[in-house]
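Chemist: Okay, here's the structure, questions in a sec.
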Amino acid sequence: MNQDILLEIKNLYICVELDGDSLPIVEDVSLSLRTGEILALVGESGCGKSVTAQSVMQLLPKQLKIESGEIKMNSHKQGKIIDIANMNPRGSEIRKIRGNEIAMIFQEPMNSFSPLHTIGNQLMEVIRIHRKTSKSEAKEIAVEMLDKVGIPGAARVIDQYPHELSGGMRQRAMIAKALSCNPTLLIADEPTTALDVTIQAQVLTLMQGLQSEFGMAIIFITHDLGVVAQVADQVAIMYLGNIIEQGSAREILKDPKHPYTVNLIEAVPRLGRLEGRKALIPIQGSVPSLYDRPVGCPFVTRCTRVINNRCEETMPRLISMSTDHQVACFLYNPSEGESS
Ligand SMILES: Nc1ncnc2c1ncn2[C@@H]1O[C@H](COP(=O)(O)OP(=O)(O)OP(=O)(O)O)[C@@H](O)[C@H]1O
Ligand SMILES: [Mg+2]
């Protein structure tokens, strides 16, 4: 593994066990993330973004399991490459990583705080697990963290309970908690969808600021390509458990190749190249269920540019369009998958 790579996922398959059958939820996903970089994981509901993120922390729900593939991390704190995919989800090795080297901000902010303890006590607990500090030092750090994430009156908020904070403030407190252990990788699972638009923008700006101050890498999960344009260096577009396009965020937003990515971009008012009063173009149909996973390209049931006899039959491989842009679509790889 290259020294400047922080996290490398290779050919990851995650399956769900259903009535004795094993159904793939995440298929052949490969991703790599450099230290200090922001990677956005994008796609419609149910495409496997959260599951992929959970696997990096070995936090998959118990019906799901990593079937095969690699998840490796260059642990700065331990000074070695660690093999996350093969760690016991309940073992001590992963506990050294979770909430220490990798922190996660969950989709639902209430879940990451216990309603029974004050914000301050919960932050101090995290701080004291990861740094050798006295109680009063931990309290000082906790106030400092709340202050950093832009919570007014941090010294007072520290004695409040989670339900006493507004949604936006709770989100900020959750970010403070995640950052308290000084992680090298932060996974933020749709950290802004529950917030109103102005607060969303503030939280994004805040995370970007903290990213450059602390130098950590971030995996940012979102539905929203507008958010990608604002924060991401790299982007991976997922559809039905597969990455269908990935590479530099700038290049993909400017020159999307996959018909699905093109549709996603056209559905965003600020990014789509729509003129005048033309309405936004919603993507036709909906994501098929796991039980109806098409045989060939996962997007074939909604794609307007299907190549007959090919897209329905074979799953296109990711191919390189340039050094930092890959796409899995037969439009760009005319010979692959041709039945001879
Ligand atoms: N505990 C579980 N048991 C069975 N299936 C699950 C479980 N958790 C997730 N799944 C399935 O895995 C697939 C991917 O789910 P995931 O939560 O990763 O989607 P997502 O991309 O994060 O969607 P959203 O944008 O709605 O958060 C879905 O089809 C979901 O139904
Ligand atoms: Mg999710």
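As shown in the structure tokens, the chain order sets the letters A, B, ...; within each chain, residues go from 1, and ligands are also counted from 1 in the order they appear.
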All residues within 9 Å of ligand 1 are required, counting only C-alpha atoms and all ligand atoms; please report them as a VMD selection string.

Modeler: chain A and resid 15 to 18 24 to 26 41 to 54 60 to 64 107 189 to 190 221 to 223 238 to 241 289 to 290

Chemist: Generate a file of the selected residues that holds N, CA and C atoms, formatted as an mmCIF file, in the first residue's frame.

Modeler:
```
data_model
loop_
_atom_site.group_PDB
_atom_site.id
_atom_site.type_symbol
_atom_site.label_atom_id
_atom_site.label_comp_id
_atom_site.auth_asym_id
_atom_site.auth_seq_id
_atom_site.Cartn_x
_atom_site.Cartn_y
_atom_site.Cartn_z
ATOM 1 N N CYS A 15 -22.706 -8.970 2.018
ATOM 2 C CA CYS A 15 -23.942 -9.705 1.732
ATOM 3 C C CYS A 15 -24.885 -9.664 2.910
ATOM 4 N N VAL A 16 -26.180 -9.862 2.605
ATOM 5 C CA VAL A 16 -27.177 -10.004 3.660
ATOM 6 C C VAL A 16 -27.670 -11.453 3.622
ATOM 7 N N GLU A 17 -27.852 -12.025 4.788
ATOM 8 C CA GLU A 17 -28.377 -13.380 4.879
ATOM 9 C C GLU A 17 -29.890 -13.304 4.989
ATOM 10 N N LEU A 18 -30.585 -13.904 4.029
ATOM 11 C CA LEU A 18 -32.051 -13.894 4.056
ATOM 12 C C LEU A 18 -32.566 -15.310 3.813
ATOM 13 N N PRO A 24 -26.028 -10.184 -2.351
ATOM 14 C CA PRO A 24 -25.032 -9.103 -2.263
ATOM 15 C C PRO A 24 -25.685 -7.726 -2.144
ATOM 16 N N ILE A 25 -25.150 -6.900 -1.262
ATOM 17 C CA ILE A 25 -25.636 -5.529 -1.066
ATOM 18 C C ILE A 25 -24.602 -4.550 -1.596
ATOM 19 N N VAL A 26 -23.336 -4.912 -1.400
ATOM 20 C CA VAL A 26 -22.244 -4.102 -1.928
ATOM 21 C C VAL A 26 -21.405 -5.056 -2.773
ATOM 22 N N LEU A 41 -19.242 9.981 -1.154
ATOM 23 C CA LEU A 41 -19.909 8.767 -1.609
ATOM 24 C C LEU A 41 -21.350 9.174 -1.909
ATOM 25 N N VAL A 42 -21.740 9.045 -3.184
ATOM 26 C CA VAL A 42 -23.009 9.616 -3.620
ATOM 27 C C VAL A 42 -23.910 8.548 -4.217
ATOM 28 N N GLY A 43 -25.210 8.701 -4.018
ATOM 29 C CA GLY A 43 -26.147 7.800 -4.677
ATOM 30 C C GLY A 43 -27.499 7.878 -4.011
ATOM 31 N N GLU A 44 -28.514 7.341 -4.709
ATOM 32 C CA GLU A 44 -29.870 7.395 -4.164
ATOM 33 C C GLU A 44 -30.004 6.479 -2.951
ATOM 34 N N SER A 45 -31.112 6.670 -2.241
ATOM 35 C CA SER A 45 -31.398 5.880 -1.059
ATOM 36 C C SER A 45 -31.308 4.376 -1.343
ATOM 37 N N GLY A 46 -30.669 3.656 -0.460
ATOM 38 C CA GLY A 46 -30.626 2.203 -0.562
ATOM 39 C C GLY A 46 -29.502 1.654 -1.431
ATOM 40 N N CYS A 47 -28.608 2.529 -1.935
ATOM 41 C CA CYS A 47 -27.582 2.029 -2.863
ATOM 42 C C CYS A 47 -26.367 1.446 -2.138
ATOM 43 N N GLY A 48 -26.316 1.560 -0.815
ATOM 44 C CA GLY A 48 -25.225 0.902 -0.082
ATOM 45 C C GLY A 48 -24.171 1.831 0.495
ATOM 46 N N LYS A 49 -24.473 3.117 0.566
ATOM 47 C CA LYS A 49 -23.489 4.076 1.079
ATOM 48 C C LYS A 49 -23.204 3.835 2.565
ATOM 49 N N SER A 50 -24.273 3.775 3.364
ATOM 50 C CA SER A 50 -24.072 3.597 4.811
ATOM 51 C C SER A 50 -23.422 2.256 5.120
ATOM 52 N N VAL A 51 -23.860 1.227 4.419
ATOM 53 C CA VAL A 51 -23.316 -0.103 4.660
ATOM 54 C C VAL A 51 -21.807 -0.129 4.372
ATOM 55 N N THR A 52 -21.411 0.500 3.269
ATOM 56 C CA THR A 52 -19.987 0.569 2.941
ATOM 57 C C THR A 52 -19.225 1.271 4.074
ATOM 58 N N ALA A 53 -19.792 2.400 4.538
ATOM 59 C CA ALA A 53 -19.134 3.152 5.611
ATOM 60 C C ALA A 53 -19.064 2.332 6.901
ATOM 61 N N GLN A 54 -20.167 1.657 7.214
ATOM 62 C CA GLN A 54 -20.187 0.856 8.444
ATOM 63 C C GLN A 54 -19.137 -0.247 8.404
ATOM 64 N N LEU A 60 -21.201 -3.292 10.934
ATOM 65 C CA LEU A 60 -22.343 -3.753 10.136
ATOM 66 C C LEU A 60 -23.417 -4.356 11.033
ATOM 67 N N PRO A 61 -24.700 -4.147 10.658
ATOM 68 C CA PRO A 61 -25.761 -4.839 11.397
ATOM 69 C C PRO A 61 -25.526 -6.355 11.316
ATOM 70 N N LYS A 62 -26.071 -7.099 12.293
ATOM 71 C CA LYS A 62 -25.617 -8.491 12.381
ATOM 72 C C LYS A 62 -26.082 -9.402 11.229
ATOM 73 N N GLN A 63 -27.118 -8.983 10.492
ATOM 74 C CA GLN A 63 -27.525 -9.787 9.326
ATOM 75 C C GLN A 63 -26.553 -9.633 8.147
ATOM 76 N N LEU A 64 -25.709 -8.618 8.196
ATOM 77 C CA LEU A 64 -24.831 -8.350 7.064
ATOM 78 C C LEU A 64 -23.408 -8.790 7.378
ATOM 79 N N GLN A 107 -26.040 9.179 10.580
ATOM 80 C CA GLN A 107 -27.138 9.793 9.847
ATOM 81 C C GLN A 107 -28.162 10.390 10.822
ATOM 82 N N ASP A 189 -21.874 10.441 7.712
ATOM 83 C CA ASP A 189 -22.985 9.853 6.972
ATOM 84 C C ASP A 189 -24.137 10.845 6.903
ATOM 85 N N GLU A 190 -24.309 11.483 5.767
ATOM 86 C CA GLU A 190 -25.336 12.500 5.543
ATOM 87 C C GLU A 190 -25.483 13.422 6.742
ATOM 88 N N ILE A 221 -20.816 11.154 3.049
ATOM 89 C CA ILE A 221 -21.905 10.464 2.357
ATOM 90 C C ILE A 221 -23.042 11.433 2.102
ATOM 91 N N THR A 222 -23.517 11.474 0.877
ATOM 92 C CA THR A 222 -24.571 12.435 0.571
ATOM 93 C C THR A 222 -25.391 12.036 -0.648
ATOM 94 N N HIS A 223 -26.624 12.551 -0.732
ATOM 95 C CA HIS A 223 -27.449 12.407 -1.938
ATOM 96 C C HIS A 223 -27.178 13.577 -2.879
ATOM 97 N N MET A 238 -22.439 5.656 -6.446
ATOM 98 C CA MET A 238 -22.885 4.276 -6.252
ATOM 99 C C MET A 238 -24.288 4.083 -6.796
ATOM 100 N N TYR A 239 -24.519 2.901 -7.346
ATOM 101 C CA TYR A 239 -25.864 2.531 -7.782
ATOM 102 C C TYR A 239 -26.056 1.065 -7.483
ATOM 103 N N LEU A 240 -27.092 0.729 -6.734
ATOM 104 C CA LEU A 240 -27.383 -0.663 -6.360
ATOM 105 C C LEU A 240 -26.140 -1.433 -5.901
ATOM 106 N N GLY A 241 -25.394 -0.847 -5.011
ATOM 107 C CA GLY A 241 -24.256 -1.545 -4.416
ATOM 108 C C GLY A 241 -22.982 -1.554 -5.237
ATOM 109 N N SER A 289 -35.350 -3.332 -6.359
ATOM 110 C CA SER A 289 -35.020 -3.885 -5.044
ATOM 111 C C SER A 289 -33.879 -4.891 -5.221
ATOM 112 N N LEU A 290 -33.287 -5.240 -4.086
ATOM 113 C CA LEU A 290 -32.178 -6.191 -4.116
ATOM 114 C C LEU A 290 -32.578 -7.509 -4.774
#
```

Chemist: Taking a cut-off of 10 Å and counting only C-alpha atoms, can you build a table that, for each residue of segment 198-269 of chain A near segment 133-156 of chain A, reports the nearest atom pair and how far apart they are in Å (one decimal), sorted by chain then residue number, as CSV?

Modeler:
```
residue,atom,partner,partner_atom,distance
A:Gln202,CA,A:Gly150,CA,9.3
A:Val203,CA,A:Val149,CA,8.4
A:Leu206,CA,A:Val149,CA,6.7
A:Met207,CA,A:Val149,CA,8.3
A:Gly209,CA,A:Val149,CA,9.6
A:Leu210,CA,A:Val149,CA,8.3
```

Chemist: Can I get the selected residues back with C-alpha atoms, as a PDB file, in the first residue's frame?

Modeler:
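The resulting file, part.pdb, is reproduced below:
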```pdb
ATOM      1  CA  GLN A 202     -22.750  26.407   7.936  1.00  0.00           C
ATOM      2  CA  VAL A 203     -22.037  22.822   8.973  1.00  0.00           C
ATOM      3  CA  LEU A 206     -17.354  24.215   9.454  1.00  0.00           C
ATOM      4  CA  MET A 207     -16.311  20.694   8.477  1.00  0.00           C
ATOM      5  CA  GLY A 209     -12.425  24.406   8.110  1.00  0.00           C
ATOM      6  CA  LEU A 210     -11.848  21.646  10.641  1.00  0.00           C
TER       7      LEU A 210
END
```

Chemist: Which residues in segment 168-215 of chain A does DSSP call alpha helix (DSSP H)? List them as a PyMOL selection string.

Modeler: chain A and resi 168-179+197-214

Chemist: Quick one: residues within 8 Å of Gln160 of chain A, only C-alpha atoms counted, chain neighbours fewer than 5 positions away excluded, as a list in words?

Modeler: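 These residues fall inside the cut-off: Thr118, Ile119, Gly120 and Leu165 of chain A.
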
Chemist: Looking only at strand (DSSP E) from DSSP on the backbone, list the matching residues of segment 194-275 of chain A as a VMD selection string.

Modeler: chain A and resid 217 to 222 234 to 239 242 to 248

Chemist: Counting only C-alpha atoms and all ligand atoms, figure out which residue out of A:Pro191, A:Glu67, A:Ile237, A:Met174 gets nearest to ligand 2.

Modeler: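 Nearest to ligand 2: A:Pro191.
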
Chemist: Point out the residue among A:Leu123, A:Ala188, A:Pro294, A:Ser180 with the least atom-to-atom distance to Tyr161 of chain A, counting only C-alpha atoms.

Modeler: A:Leu123
